[in-house]
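Single-structure report; data block below.
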Amino acid sequence: YSATVAAVLGLPFCFAHFIAGPVGAQVMKAFHDHYRPSDDYPEPTASVAAHVICAPTMEEADRLARGRDVWRLRIDRGIFAPFPTPEEADAVLAEIGDWERQRVAQARSQQIIGDPEHCHAAIEALAKEYGVEEVVVVTITHDFAARCRSYELLASAFALTSAPRAA
């Protein structure tokens, strides 16, 4: 619905791939197909938001992502608890059944998790799939330093530099 409203009003639109990824490309196409230019945005302006965990290795990224797996399962059960550590997540994941494993796999399919090279390629592919030039990244991990490191690795993978600060 928000894509339709943005298109009709001639406003920018950002699709949250990490929430509803399977329908995202269709929603983005509908936004572009129904877009009505406005004074501020004569052309459609769109982006996609992705949950990304980038770490030096694929194994470390997977370890960090397990906390989100458990956090998401708890939300599905109506449990709003603090974000678990990887160790807490491992203990919970060792006890889950088939339905929960399927839910984790489904949620993982809407995330980008890996080393810098993998994340770079996956983000580029996501942008192409959605037909956008901007991808908004959100990283959630138990450890703030790991979250910051994820952003640093992504910035390096995309050869991004900091903008100069205003004096």
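Every chain in the structure tokens has a letter given in the order shown (A, B, ...), and although residue numbers restart at 1 in each chain, ligands are simply numbered from 1 in the order shown.
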(request) Might you pull out every residue within 10 Å of A:Val104, with only C-alpha atoms counted and same-chain residues fewer than 3 positions away left off, and present them as a VMD selection string? (result) chain A and resid 66 68 to 70 72 to 73 93 98 to 101 107 to 109
(request) With a distance cut-off of 7 Å and only C-alpha atoms, select the neighbouring residues of stretch 132-146 of chain A, excluding the residue or stretch itself and same-chain residues fewer than 4 positions from it, and output the selection as a list in words. (result)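 Everything that qualifies: Ala46, Ser47, Val48, Ala49, Ala50, His51, Val52, Ile53, Leu64, Gly67, Phe83, Pro84, Thr85, Ala127, Lys128 and Ser150 of chain A.
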For the residues selected in the previous step, produce a file with C-alpha atoms as a PDB file, in the first residue's frame.
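Now in out-v3.pdb:
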```
ATOM      1  CA  ALA A  46      13.416   4.548  -4.904  1.00  0.00           C
ATOM      2  CA  SER A  47      15.664   2.464  -2.670  1.00  0.00           C
ATOM      3  CA  VAL A  48      15.626  -0.897  -0.953  1.00  0.00           C
ATOM      4  CA  ALA A  49      16.494  -1.540   2.692  1.00  0.00           C
ATOM      5  CA  ALA A  50      18.396  -4.709   3.517  1.00  0.00           C
ATOM      6  CA  HIS A  51      19.532  -6.382   6.709  1.00  0.00           C
ATOM      7  CA  VAL A  52      23.239  -7.082   6.247  1.00  0.00           C
ATOM      8  CA  ILE A  53      25.799  -8.684   8.526  1.00  0.00           C
ATOM      9  CA  LEU A  64      26.742 -13.184  14.402  1.00  0.00           C
ATOM     10  CA  GLY A  67      21.374 -13.936  17.305  1.00  0.00           C
ATOM     11  CA  PHE A  83      18.885  -9.450  21.526  1.00  0.00           C
ATOM     12  CA  PRO A  84      20.717 -12.705  22.354  1.00  0.00           C
ATOM     13  CA  THR A  85      24.452 -13.242  22.273  1.00  0.00           C
ATOM     14  CA  ALA A 127      19.916  -3.375  -6.285  1.00  0.00           C
ATOM     15  CA  LYS A 128      19.695  -4.821  -9.787  1.00  0.00           C
ATOM     16  CA  SER A 150      30.156  -4.748   9.648  1.00  0.00           C
TER      17      SER A 150
END
```
(request) Would you please give, as a ChimeraX atom specification, all residues of stretch 85-142 of chain A that DSSP assigns to alpha helix (DSSP H) based on the backbone? (result) /A:86-93,98-108,116-130
Do you know which residues are at most 8 Å from A:His34 counting only C-alpha atoms, after dropping those on the same chain fewer than 6 positions away, and could you put them as a PDB file with all heavy atoms, in the first residue's frame?
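So the final result, stored in result20.pdb, reads:
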```
ATOM      1  N   THR A   4       2.011   2.318  -3.438  1.00  0.00           N
ATOM      2  CA  THR A   4       0.954   2.964  -4.220  1.00  0.00           C
ATOM      3  C   THR A   4       0.781   4.415  -3.796  1.00  0.00           C
ATOM      4  O   THR A   4       0.678   5.309  -4.635  1.00  0.00           O
ATOM      5  CB  THR A   4      -0.377   2.203  -4.064  1.00  0.00           C
ATOM      6  OG1 THR A   4      -0.179   0.851  -4.478  1.00  0.00           O
ATOM      7  CG2 THR A   4      -1.480   2.834  -4.880  1.00  0.00           C
ATOM      8  N   ALA A   7       3.730   6.416  -5.042  1.00  0.00           N
ATOM      9  CA  ALA A   7       3.667   6.588  -6.499  1.00  0.00           C
ATOM     10  C   ALA A   7       2.638   7.634  -6.887  1.00  0.00           C
ATOM     11  O   ALA A   7       2.918   8.528  -7.697  1.00  0.00           O
ATOM     12  CB  ALA A   7       3.340   5.251  -7.168  1.00  0.00           C
ATOM     13  N   VAL A   8       1.458   7.559  -6.310  1.00  0.00           N
ATOM     14  CA  VAL A   8       0.373   8.492  -6.654  1.00  0.00           C
ATOM     15  C   VAL A   8       0.711   9.912  -6.221  1.00  0.00           C
ATOM     16  O   VAL A   8       0.384  10.881  -6.914  1.00  0.00           O
ATOM     17  CB  VAL A   8      -0.962   8.016  -6.034  1.00  0.00           C
ATOM     18  CG1 VAL A   8      -2.036   9.072  -6.138  1.00  0.00           C
ATOM     19  CG2 VAL A   8      -1.417   6.719  -6.704  1.00  0.00           C
TER      20      VAL A   8
END
```
If we count only C-alpha atoms, what is near A:Ala155 at a cut-off of 12 Å, once residues fewer than 2 positions away on the same chain are taken out, given as an mmCIF file with C-alpha atoms, in the first residue's frame?
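result-v8.cif, freshly written:
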```
data_model
loop_
_atom_site.group_PDB
_atom_site.id
_atom_site.type_symbol
_atom_site.label_atom_id
_atom_site.label_comp_id
_atom_site.auth_asym_id
_atom_site.auth_seq_id
_atom_site.Cartn_x
_atom_site.Cartn_y
_atom_site.Cartn_z
ATOM 1 C CA CYS A 54 29.293 -8.446 7.129
ATOM 2 C CA PRO A 116 32.905 -8.464 2.291
ATOM 3 C CA GLU A 117 33.098 -10.009 -1.183
ATOM 4 C CA CYS A 119 28.029 -8.954 0.746
ATOM 5 C CA HIS A 120 29.230 -6.661 -2.054
ATOM 6 C CA VAL A 137 21.703 -1.138 5.085
ATOM 7 C CA CYS A 148 30.348 -1.077 13.576
ATOM 8 C CA ARG A 149 32.851 -3.507 12.041
ATOM 9 C CA SER A 150 30.156 -4.748 9.648
ATOM 10 C CA TYR A 151 29.574 -1.196 8.410
ATOM 11 C CA GLU A 152 33.329 -0.603 8.103
ATOM 12 C CA LEU A 153 33.803 -3.756 6.043
ATOM 13 C CA ALA A 157 34.067 -3.303 -0.012
ATOM 14 C CA PHE A 158 32.285 -0.484 -1.840
ATOM 15 C CA ALA A 159 35.313 1.847 -1.646
ATOM 16 C CA LEU A 160 33.253 4.418 0.272
ATOM 17 C CA THR A 161 34.956 7.228 2.116
ATOM 18 C CA SER A 162 33.686 9.569 4.773
#
```
All strand (DSSP E) residues (DSSP, backbone) inside stretch 78-125 of chain A, as an mmCIF file with N, CA, C and O atoms, in the first residue's frame:
```cif
data_model
loop_
_atom_site.group_PDB
_atom_site.id
_atom_site.type_symbol
_atom_site.label_atom_id
_atom_site.label_comp_id
_atom_site.auth_asym_id
_atom_site.auth_seq_id
_atom_site.Cartn_x
_atom_site.Cartn_y
_atom_site.Cartn_z
ATOM 1 N N GLN A 111 17.975 -11.796 4.040
ATOM 2 C CA GLN A 111 19.105 -11.085 4.621
ATOM 3 C C GLN A 111 20.346 -11.320 3.768
ATOM 4 O O GLN A 111 20.390 -12.252 2.969
ATOM 5 N N ILE A 112 21.325 -10.492 3.982
ATOM 6 C CA ILE A 112 22.631 -10.681 3.351
ATOM 7 C C ILE A 112 23.623 -10.896 4.475
ATOM 8 O O ILE A 112 23.793 -10.022 5.331
ATOM 9 N N ILE A 113 24.247 -12.065 4.476
ATOM 10 C CA ILE A 113 25.136 -12.455 5.558
ATOM 11 C C ILE A 113 26.384 -13.053 4.933
ATOM 12 O O ILE A 113 26.297 -14.022 4.179
ATOM 13 N N GLY A 114 27.549 -12.467 5.244
ATOM 14 C CA GLY A 114 28.762 -13.044 4.692
ATOM 15 C C GLY A 114 29.981 -12.168 4.846
ATOM 16 O O GLY A 114 29.979 -11.180 5.579
#
```
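Residue nearest A:Leu126 within the list A:Ile19, A:Ala6, A:Cys14, A:Ala25: A:Ala25 [criterion: smallest interatomic distance, only C-alpha atoms].
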(message) When you count only C-alpha atoms, which of these residues is closest to A:Glu60: A:Ala30, A:Asp115, A:Gly131, A:Tyr35?
(response)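 Smallest distance to A:Glu60 is found for A:Asp115.
Distance check against A:Val5 using only C-alpha atoms: of A:His17, A:His32, A:Asp90, A:Gln26, the minimum falls on A:His32.
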(request) Please indicate the distance in Å from atom CA of A:Arg74 to atom CA of A:Tyr1, rounded to one decimal place. (result)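 Atom CA of A:Arg74 sits 27.2 Å away from atom CA of A:Tyr1.
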(request) In Å, rounded to a single decimal, give me how far atom CA of A:Glu95 is from atom CA of A:Arg147. (result)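 Atom-to-atom, atom CA of A:Arg147 and atom CA of A:Glu95 are spaced 26.6 Å apart.
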(message) Can you tell me which residues surround A:Asp39 at a distance of at most 12 Å, considering only C-alpha atoms, apart from same-chain residues fewer than 3 positions away, and format the answer as a ChimeraX atom specification?
(response) /A:9-11,36,42-44
(request) Take atom CA of A:Ala20 and atom CA of A:Tyr130 and report the distance between them in Å, one decimal. (result)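 Calculated distance between atom CA of A:Ala20 and atom CA of A:Tyr130 is 13.0 Å.
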